[in-house]
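This is entry-v8.pdb. It holds PDB, C-alpha atoms (C1' of nucleotides).
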ATOM      1  CA  MET C   1     -19.219  -3.184  -7.347  1.00  0.00           C
ATOM      2  CA  THR C   2     -16.424  -1.814  -5.423  1.00  0.00           C
ATOM      3  CA  VAL C   3     -17.247   1.823  -5.617  1.00  0.00           C
ATOM      4  CA  THR C   4     -18.292   2.532  -2.110  1.00  0.00           C
ATOM      5  CA  PRO C   5     -16.692   5.772  -1.001  1.00  0.00           C
ATOM      6  CA  GLN C   6     -16.331   5.122   2.639  1.00  0.00           C
ATOM      7  CA  THR C   7     -13.454   5.922   4.878  1.00  0.00           C
ATOM      8  CA  ARG C   8     -13.309   9.611   4.372  1.00  0.00           C
ATOM      9  CA  PRO C   9     -12.876  11.119   7.790  1.00  0.00           C
ATOM     10  CA  ASN C  10     -11.030  14.039   6.299  1.00  0.00           C
ATOM     11  CA  SER C  11     -11.107  13.759   2.553  1.00  0.00           C
ATOM     12  CA  GLN C  12      -8.045  11.735   1.806  1.00  0.00           C
ATOM     13  CA  GLU C  13      -6.323  11.672  -1.521  1.00  0.00           C
ATOM     14  CA  GLN C  14      -6.705   8.773  -3.866  1.00  0.00           C
ATOM     15  CA  LEU C  15      -3.395   7.051  -4.369  1.00  0.00           C
ATOM     16  CA  LEU C  16      -1.959   5.151  -7.305  1.00  0.00           C
ATOM     17  CA  THR C  17       0.648   2.407  -7.448  1.00  0.00           C
ATOM     18  CA  PRO C  18       3.819   2.744  -9.532  1.00  0.00           C
ATOM     19  CA  GLY C  19       2.436   0.231 -11.993  1.00  0.00           C
ATOM     20  CA  GLU C  20      -0.746   2.210 -12.484  1.00  0.00           C
ATOM     21  CA  VAL C  21       1.162   5.432 -13.045  1.00  0.00           C
ATOM     22  CA  ALA C  22       3.465   3.639 -15.447  1.00  0.00           C
ATOM     23  CA  THR C  23       0.467   2.459 -17.427  1.00  0.00           C
ATOM     24  CA  LEU C  24      -0.950   5.960 -17.632  1.00  0.00           C
ATOM     25  CA  PHE C  25       2.300   7.357 -18.963  1.00  0.00           C
ATOM     26  CA  ARG C  26       3.147   4.358 -21.080  1.00  0.00           C
ATOM     27  CA  VAL C  27       6.519   3.983 -19.447  1.00  0.00           C
ATOM     28  CA  ASP C  28       8.317   1.418 -17.355  1.00  0.00           C
ATOM     29  CA  PRO C  29       7.548   1.398 -13.616  1.00  0.00           C
ATOM     30  CA  LYS C  30      11.242   1.971 -13.055  1.00  0.00           C
ATOM     31  CA  THR C  31      10.944   5.243 -14.849  1.00  0.00           C
ATOM     32  CA  VAL C  32       8.191   6.352 -12.530  1.00  0.00           C
ATOM     33  CA  THR C  33      10.454   5.485  -9.645  1.00  0.00           C
ATOM     34  CA  ARG C  34      13.176   7.610 -11.166  1.00  0.00           C
ATOM     35  CA  TRP C  35      10.794  10.525 -11.450  1.00  0.00           C
ATOM     36  CA  ALA C  36      10.033  10.215  -7.783  1.00  0.00           C
ATOM     37  CA  THR C  37      13.720   9.957  -6.909  1.00  0.00           C
ATOM     38  CA  ALA C  38      14.493  12.993  -9.012  1.00  0.00           C
ATOM     39  CA  GLY C  39      11.782  14.908  -7.224  1.00  0.00           C
ATOM     40  CA  ARG C  40       9.756  15.485 -10.351  1.00  0.00           C
ATOM     41  CA  ILE C  41       6.706  13.934  -8.789  1.00  0.00           C
ATOM     42  CA  GLY C  42       5.540  13.728  -5.203  1.00  0.00           C
ATOM     43  CA  SER C  43       5.379  10.326  -3.584  1.00  0.00           C
ATOM     44  CA  ILE C  44       4.111   8.667  -0.445  1.00  0.00           C
ATOM     45  CA  ARG C  45       5.942   5.667   0.950  1.00  0.00           C
ATOM     46  CA  THR C  46       4.304   2.754   2.653  1.00  0.00           C
ATOM     47  CA  PRO C  47       5.935   1.591   5.885  1.00  0.00           C
ATOM     48  CA  GLY C  48       7.394  -1.192   3.765  1.00  0.00           C
ATOM     49  CA  GLY C  49       9.107   1.231   1.419  1.00  0.00           C
ATOM     50  CA  HIS C  50       6.843   0.994  -1.603  1.00  0.00           C
ATOM     51  CA  ARG C  51       5.692   4.198  -3.266  1.00  0.00           C
ATOM     52  CA  ARG C  52       2.224   5.569  -3.814  1.00  0.00           C
ATOM     53  CA  PHE C  53       1.371   8.566  -5.955  1.00  0.00           C
ATOM     54  CA  ARG C  54      -1.390  11.113  -5.709  1.00  0.00           C
ATOM     55  CA  GLU C  55      -3.946  10.588  -8.408  1.00  0.00           C
ATOM     56  CA  SER C  56      -4.632  14.300  -8.732  1.00  0.00           C
ATOM     57  CA  GLU C  57      -0.977  15.107  -9.133  1.00  0.00           C
ATOM     58  CA  VAL C  58      -0.539  12.396 -11.713  1.00  0.00           C
ATOM     59  CA  LYS C  59      -3.525  13.592 -13.661  1.00  0.00           C
ATOM     60  CA  THR C  60      -2.263  17.137 -13.584  1.00  0.00           C
ATOM     61  CA  LEU C  61       1.129  16.064 -14.770  1.00  0.00           C
ATOM     62  CA  LEU C  62      -0.467  13.962 -17.452  1.00  0.00           C
ATOM     63  CA  ALA C  63      -2.587  16.861 -18.595  1.00  0.00           C
ATOM     64  CA  GLU C  64       0.447  19.079 -18.892  1.00  0.00           C
ATOM     65  CA  LEU C  65       2.147  16.601 -21.153  1.00  0.00           C
ATOM     66  CA  THR C  66      -0.921  16.390 -23.318  1.00  0.00           C
ATOM     67  CA  ASN C  67      -1.016  20.141 -23.587  1.00  0.00           C
ATOM     68  CA  ASP C  68       2.535  20.443 -24.824  1.00  0.00           C
ATOM     69  CA  VAL C  69       3.937  22.195 -21.837  1.00  0.00           C
ATOM     70  CA  SER C  70       6.748  24.639 -22.178  1.00  0.00           C
ATOM     71  CA  HIS C  71       8.710  23.101 -19.393  1.00  0.00           C
ATOM     72  CA  THR C  72      11.315  25.781 -19.416  1.00  0.00           C
ATOM     73  CA  ALA C  73      10.120  26.774 -16.001  1.00  0.00           C
TER      74      ALA C  73
ATOM     75  CA  MET I   1       3.960  17.997  36.047  1.00  0.00           C
ATOM     76  CA  THR I   2       0.603  16.650  36.722  1.00  0.00           C
ATOM     77  CA  VAL I   3      -1.146  17.100  33.461  1.00  0.00           C
ATOM     78  CA  THR I   4       0.144  16.535  29.985  1.00  0.00           C
ATOM     79  CA  PRO I   5      -2.082  18.334  27.537  1.00  0.00           C
ATOM     80  CA  GLN I   6      -1.983  16.282  24.350  1.00  0.00           C
ATOM     81  CA  THR I   7       1.160  14.321  24.555  1.00  0.00           C
ATOM     82  CA  ARG I   8      -0.454  11.134  25.656  1.00  0.00           C
ATOM     83  CA  PRO I   9      -3.256   8.848  24.587  1.00  0.00           C
ATOM     84  CA  ASN I  10      -5.425   9.701  27.475  1.00  0.00           C
ATOM     85  CA  SER I  11      -8.863   8.274  27.043  1.00  0.00           C
ATOM     86  CA  GLN I  12     -10.884   8.558  23.878  1.00  0.00           C
ATOM     87  CA  GLU I  13      -8.871   7.963  20.774  1.00  0.00           C
ATOM     88  CA  GLN I  14     -10.483   7.542  17.413  1.00  0.00           C
ATOM     89  CA  LEU I  15      -9.777   4.026  16.238  1.00  0.00           C
ATOM     90  CA  LEU I  16      -9.538   2.836  12.667  1.00  0.00           C
ATOM     91  CA  THR I  17     -10.155  -0.600  11.240  1.00  0.00           C
ATOM     92  CA  PRO I  18      -7.566  -2.400   9.101  1.00  0.00           C
ATOM     93  CA  GLY I  19      -9.708  -1.706   6.076  1.00  0.00           C
ATOM     94  CA  GLU I  20      -9.744   2.021   6.722  1.00  0.00           C
ATOM     95  CA  VAL I  21      -6.006   2.186   7.219  1.00  0.00           C
ATOM     96  CA  ALA I  22      -5.546   0.123   4.083  1.00  0.00           C
ATOM     97  CA  THR I  23      -7.566   2.675   2.146  1.00  0.00           C
ATOM     98  CA  LEU I  24      -5.439   5.540   3.401  1.00  0.00           C
ATOM     99  CA  PHE I  25      -2.229   3.867   2.237  1.00  0.00           C
ATOM    100  CA  ARG I  26      -3.721   2.274  -0.850  1.00  0.00           C
ATOM    101  CA  VAL I  27      -2.724  -1.215   0.233  1.00  0.00           C
ATOM    102  CA  ASP I  28      -4.424  -4.474   1.086  1.00  0.00           C
ATOM    103  CA  PRO I  29      -5.905  -4.812   4.578  1.00  0.00           C
ATOM    104  CA  LYS I  30      -3.683  -7.822   5.077  1.00  0.00           C
ATOM    105  CA  THR I  31      -0.699  -5.596   4.532  1.00  0.00           C
ATOM    106  CA  VAL I  32      -1.802  -3.361   7.372  1.00  0.00           C
ATOM    107  CA  THR I  33      -2.072  -6.416   9.563  1.00  0.00           C
ATOM    108  CA  ARG I  34       1.433  -7.345   8.516  1.00  0.00           C
ATOM    109  CA  TRP I  35       2.676  -3.911   9.555  1.00  0.00           C
ATOM    110  CA  ALA I  36       1.164  -4.414  12.975  1.00  0.00           C
ATOM    111  CA  THR I  37       2.771  -7.830  13.290  1.00  0.00           C
ATOM    112  CA  ALA I  38       6.123  -6.404  12.253  1.00  0.00           C
ATOM    113  CA  GLY I  39       5.779  -3.656  14.818  1.00  0.00           C
ATOM    114  CA  ARG I  40       5.817  -0.909  12.226  1.00  0.00           C
ATOM    115  CA  ILE I  41       2.551   0.434  13.564  1.00  0.00           C
ATOM    116  CA  GLY I  42       0.914   0.223  16.947  1.00  0.00           C
ATOM    117  CA  SER I  43      -2.256  -1.789  17.217  1.00  0.00           C
ATOM    118  CA  ILE I  44      -4.995  -2.494  19.706  1.00  0.00           C
ATOM    119  CA  ARG I  45      -6.674  -5.871  19.815  1.00  0.00           C
ATOM    120  CA  THR I  46     -10.330  -6.356  20.434  1.00  0.00           C
ATOM    121  CA  PRO I  47     -11.333  -9.160  22.793  1.00  0.00           C
ATOM    122  CA  GLY I  48     -12.096 -11.189  19.682  1.00  0.00           C
ATOM    123  CA  GLY I  49      -8.644 -10.714  18.236  1.00  0.00           C
ATOM    124  CA  HIS I  50      -9.344  -8.079  15.624  1.00  0.00           C
ATOM    125  CA  ARG I  51      -6.995  -5.127  15.332  1.00  0.00           C
ATOM    126  CA  ARG I  52      -7.732  -1.446  15.686  1.00  0.00           C
ATOM    127  CA  PHE I  53      -5.364   1.422  14.945  1.00  0.00           C
ATOM    128  CA  ARG I  54      -5.079   4.873  16.436  1.00  0.00           C
ATOM    129  CA  GLU I  55      -6.124   7.497  13.967  1.00  0.00           C
ATOM    130  CA  SER I  56      -3.586  10.010  15.234  1.00  0.00           C
ATOM    131  CA  GLU I  57      -0.773   7.520  14.873  1.00  0.00           C
ATOM    132  CA  VAL I  58      -1.857   6.587  11.381  1.00  0.00           C
ATOM    133  CA  LYS I  59      -2.114  10.198  10.330  1.00  0.00           C
ATOM    134  CA  THR I  60       1.276  11.007  11.758  1.00  0.00           C
ATOM    135  CA  LEU I  61       2.822   8.036  10.049  1.00  0.00           C
ATOM    136  CA  LEU I  62       1.196   8.965   6.769  1.00  0.00           C
ATOM    137  CA  ALA I  63       2.445  12.519   7.067  1.00  0.00           C
ATOM    138  CA  GLU I  64       5.993  11.463   7.803  1.00  0.00           C
ATOM    139  CA  LEU I  65       6.092   9.166   4.830  1.00  0.00           C
ATOM    140  CA  THR I  66       4.807  11.821   2.494  1.00  0.00           C
ATOM    141  CA  ASN I  67       7.268  13.491   0.191  1.00  0.00           C
ATOM    142  CA  ASP I  68       5.740  16.461  -1.437  1.00  0.00           C
ATOM    143  CA  VAL I  69       7.301  18.140  -4.395  1.00  0.00           C
ATOM    144  CA  SER I  70       7.992  21.710  -3.588  1.00  0.00           C
ATOM    145  CA  HIS I  71       7.527  22.936  -7.095  1.00  0.00           C
ATOM    146  CA  THR I  72       6.728  26.377  -5.902  1.00  0.00           C
ATOM    147  CA  ALA I  73       7.366  27.955  -9.251  1.00  0.00           C
TER     148      ALA I  73
ATOM    149  C1'  DT L   1     -30.648 -15.425  16.995  1.00  0.00           C
ATOM    150  C1'  DC L   2     -30.053 -14.270  12.063  1.00  0.00           C
ATOM    151  C1'  DA L   3     -27.662 -12.088   8.328  1.00  0.00           C
ATOM    152  C1'  DG L   4     -24.060  -9.450   5.947  1.00  0.00           C
ATOM    153  C1'  DA L   5     -19.548  -7.605   5.994  1.00  0.00           C
ATOM    154  C1'  DT L   6     -14.931  -7.505   7.764  1.00  0.00           C
ATOM    155  C1'  DT L   7     -10.880  -9.692   9.712  1.00  0.00           C
ATOM    156  C1'  DA L   8      -7.479 -13.337  11.061  1.00  0.00           C
ATOM    157  C1'  DG L   9      -4.636 -16.975   9.596  1.00  0.00           C
ATOM    158  C1'  DG L  10      -1.720 -19.488   6.243  1.00  0.00           C
ATOM    159  C1'  DG L  11       0.174 -20.101   1.669  1.00  0.00           C
ATOM    160  C1'  DT L  12       1.529 -18.686  -3.029  1.00  0.00           C
ATOM    161  C1'  DA L  13       2.006 -15.411  -7.093  1.00  0.00           C
ATOM    162  C1'  DA L  14       2.899 -10.629  -8.544  1.00  0.00           C
ATOM    163  C1'  DT L  15       4.837  -6.142  -7.858  1.00  0.00           C
ATOM    164  C1'  DT L  16       8.358  -3.080  -6.172  1.00  0.00           C
ATOM    165  C1'  DG L  17      12.953  -1.303  -4.591  1.00  0.00           C
ATOM    166  C1'  DG L  18      17.789  -0.771  -5.223  1.00  0.00           C
ATOM    167  C1'  DG L  19      22.014  -1.188  -7.734  1.00  0.00           C
ATOM    168  C1'  DG L  20      24.448  -1.724 -11.934  1.00  0.00           C
ATOM    169  C1'  DA L  21      25.371  -2.336 -16.828  1.00  0.00           C
ATOM    170  C1'  DT L  22      23.808  -1.506 -21.618  1.00  0.00           C
TER     171       DT L  22
ATOM    172  C1'  DG E   1      20.301  13.247 -20.185  1.00  0.00           C
ATOM    173  C1'  DG E   2      16.677   9.979 -20.181  1.00  0.00           C
ATOM    174  C1'  DT E   3      14.715   5.282 -20.717  1.00  0.00           C
ATOM    175  C1'  DG E   4      14.309   0.066 -20.794  1.00  0.00           C
ATOM    176  C1'  DT E   5      16.101  -4.311 -19.127  1.00  0.00           C
ATOM    177  C1'  DC E   6      18.915  -7.444 -16.097  1.00  0.00           C
ATOM    178  C1'  DC E   7      19.839  -9.238 -11.267  1.00  0.00           C
ATOM    179  C1'  DC E   8      18.174 -10.387  -6.304  1.00  0.00           C
ATOM    180  C1'  DA E   9      15.735  -9.379  -1.921  1.00  0.00           C
ATOM    181  C1'  DA E  10      11.855  -7.465   0.241  1.00  0.00           C
ATOM    182  C1'  DT E  11       7.157  -6.080   0.242  1.00  0.00           C
ATOM    183  C1'  DT E  12       2.655  -6.525  -1.253  1.00  0.00           C
ATOM    184  C1'  DA E  13      -1.579  -8.819  -3.452  1.00  0.00           C
ATOM    185  C1'  DC E  14      -4.799 -12.577  -3.942  1.00  0.00           C
ATOM    186  C1'  DC E  15      -6.366 -17.362  -2.820  1.00  0.00           C
ATOM    187  C1'  DC E  16      -8.968 -20.043   0.777  1.00  0.00           C
ATOM    188  C1'  DT E  17     -11.887 -21.119   5.368  1.00  0.00           C
ATOM    189  C1'  DA E  18     -13.253 -19.948  10.046  1.00  0.00           C
ATOM    190  C1'  DA E  19     -14.100 -16.545  13.542  1.00  0.00           C
ATOM    191  C1'  DT E  20     -15.468 -11.904  14.899  1.00  0.00           C
ATOM    192  C1'  DC E  21     -17.914  -7.479  14.411  1.00  0.00           C
ATOM    193  C1'  DT E  22     -22.017  -4.622  13.452  1.00  0.00           C
TER     194       DT E  22
END
As structure tokens, how would this structure be written, given the file I've shared?
Amino acid sequence: MTVTPQTRPNSQEQLLTPGEVATLFRVDPKTVTRWATAGRIGSIRTPGGHRRFRESEVKTLLAELTNDVSHTA
Amino acid sequence: MTVTPQTRPNSQEQLLTPGEVATLFRVDPKTVTRWATAGRIGSIRTPGGHRRFRESEVKTLLAELTNDVSHTA
DNA sequence: TCAGATTAGGGTAATTGGGGAT
DNA sequence: GGTGTCCCAATTACCCTAATCT
């Protein structure tokens, strides 16, 4: 039991670690880092320099891939 | 100048526990403590030695470390 | 005062960042 | 052009017990 939604003074976004995102996409964590560096995905840095990713954004991006996106902008 | 509107921590400031800050950054509470020790984030100690963090400072820090993707089609 | 949950403190493993080469 | 793997250094996560907070 760890599902106790507390700490929501203003509806914060759920964040994911690079490893978690990498697992979702079936890629190497380094690749996720490259996506962030290339600006293809938004990222939040910890004061220590590690990255965190928005779960909603990741899910959206994941859904687009599943739906065969015509990424021709 | 006699009064500074909002530019100073006057009296009441919403304080957050290490656990709450940890949730916002998606890190371990111990990591937040480490940030305080390293001086990366300001902290207030309770008489018992526990740490409390200013909500405004945490929010500001979180905002500054956020890199949003401006994919404004 | 009691009870439950959180935090501090120290120590050790795992993850991550950055660069560079394949 | 994009991805996976190598290196090393830094940051973070999990282990424990005792003290503090609510």
Checklist line | Ground truth for the PyMOL selection byres ((chain L) within 9 of (chain C)), written as a ChimeraX atom specification | finding: /L:15-17
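Taking all atoms listed in the file into account, the polymer residues that have an atom no farther than 10 Å from (11.9, -8.4, 1.1) are Gly48 of chain C; DT16 and DG17 of chain L; DC8, DA9, DA10, DT11 and DT12 of chain E.
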Check: In Å, how far is it from atom CA of I:Arg40 to atom CA of I:Phe25?
Finding: 13.7 Å
Checklist line | Interface residues on chain E facing chain I, 12 Å, all atoms listed in the file, written as an MDAnalysis selection string | finding: chainID E and resid 11:14 19:21
Note to self: What would the selection look like, as a ChimeraX atom specification, if the PyMOL selection byres ((chain I) within 7 of (chain C)) were run on the coordinates I just shared?
What the structure shows: /I:20,24-26,40,65-69
Notebook entry, point to check: For the atom pair atom CA of C:Leu61 and atom C1' of E:DG1, what is the interatomic distance in Å to one decimal place?
Noted result: 20.1 Å
Please return the centre and edge lengths, in Å to one decimal, of a box with edges along x, y and z that contains all listed atoms of stretch 56-59 of chain I, widened by 4 Å on every side, as JSON.
{"center_x": -2.2, "center_y": 8.4, "center_z": 12.8, "size_x": 10.8, "size_y": 11.6, "size_z": 12.9}
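Coordinates place atom C1' of E:DC15 at a distance of 12.8 Å from atom C1' of L:DA14.
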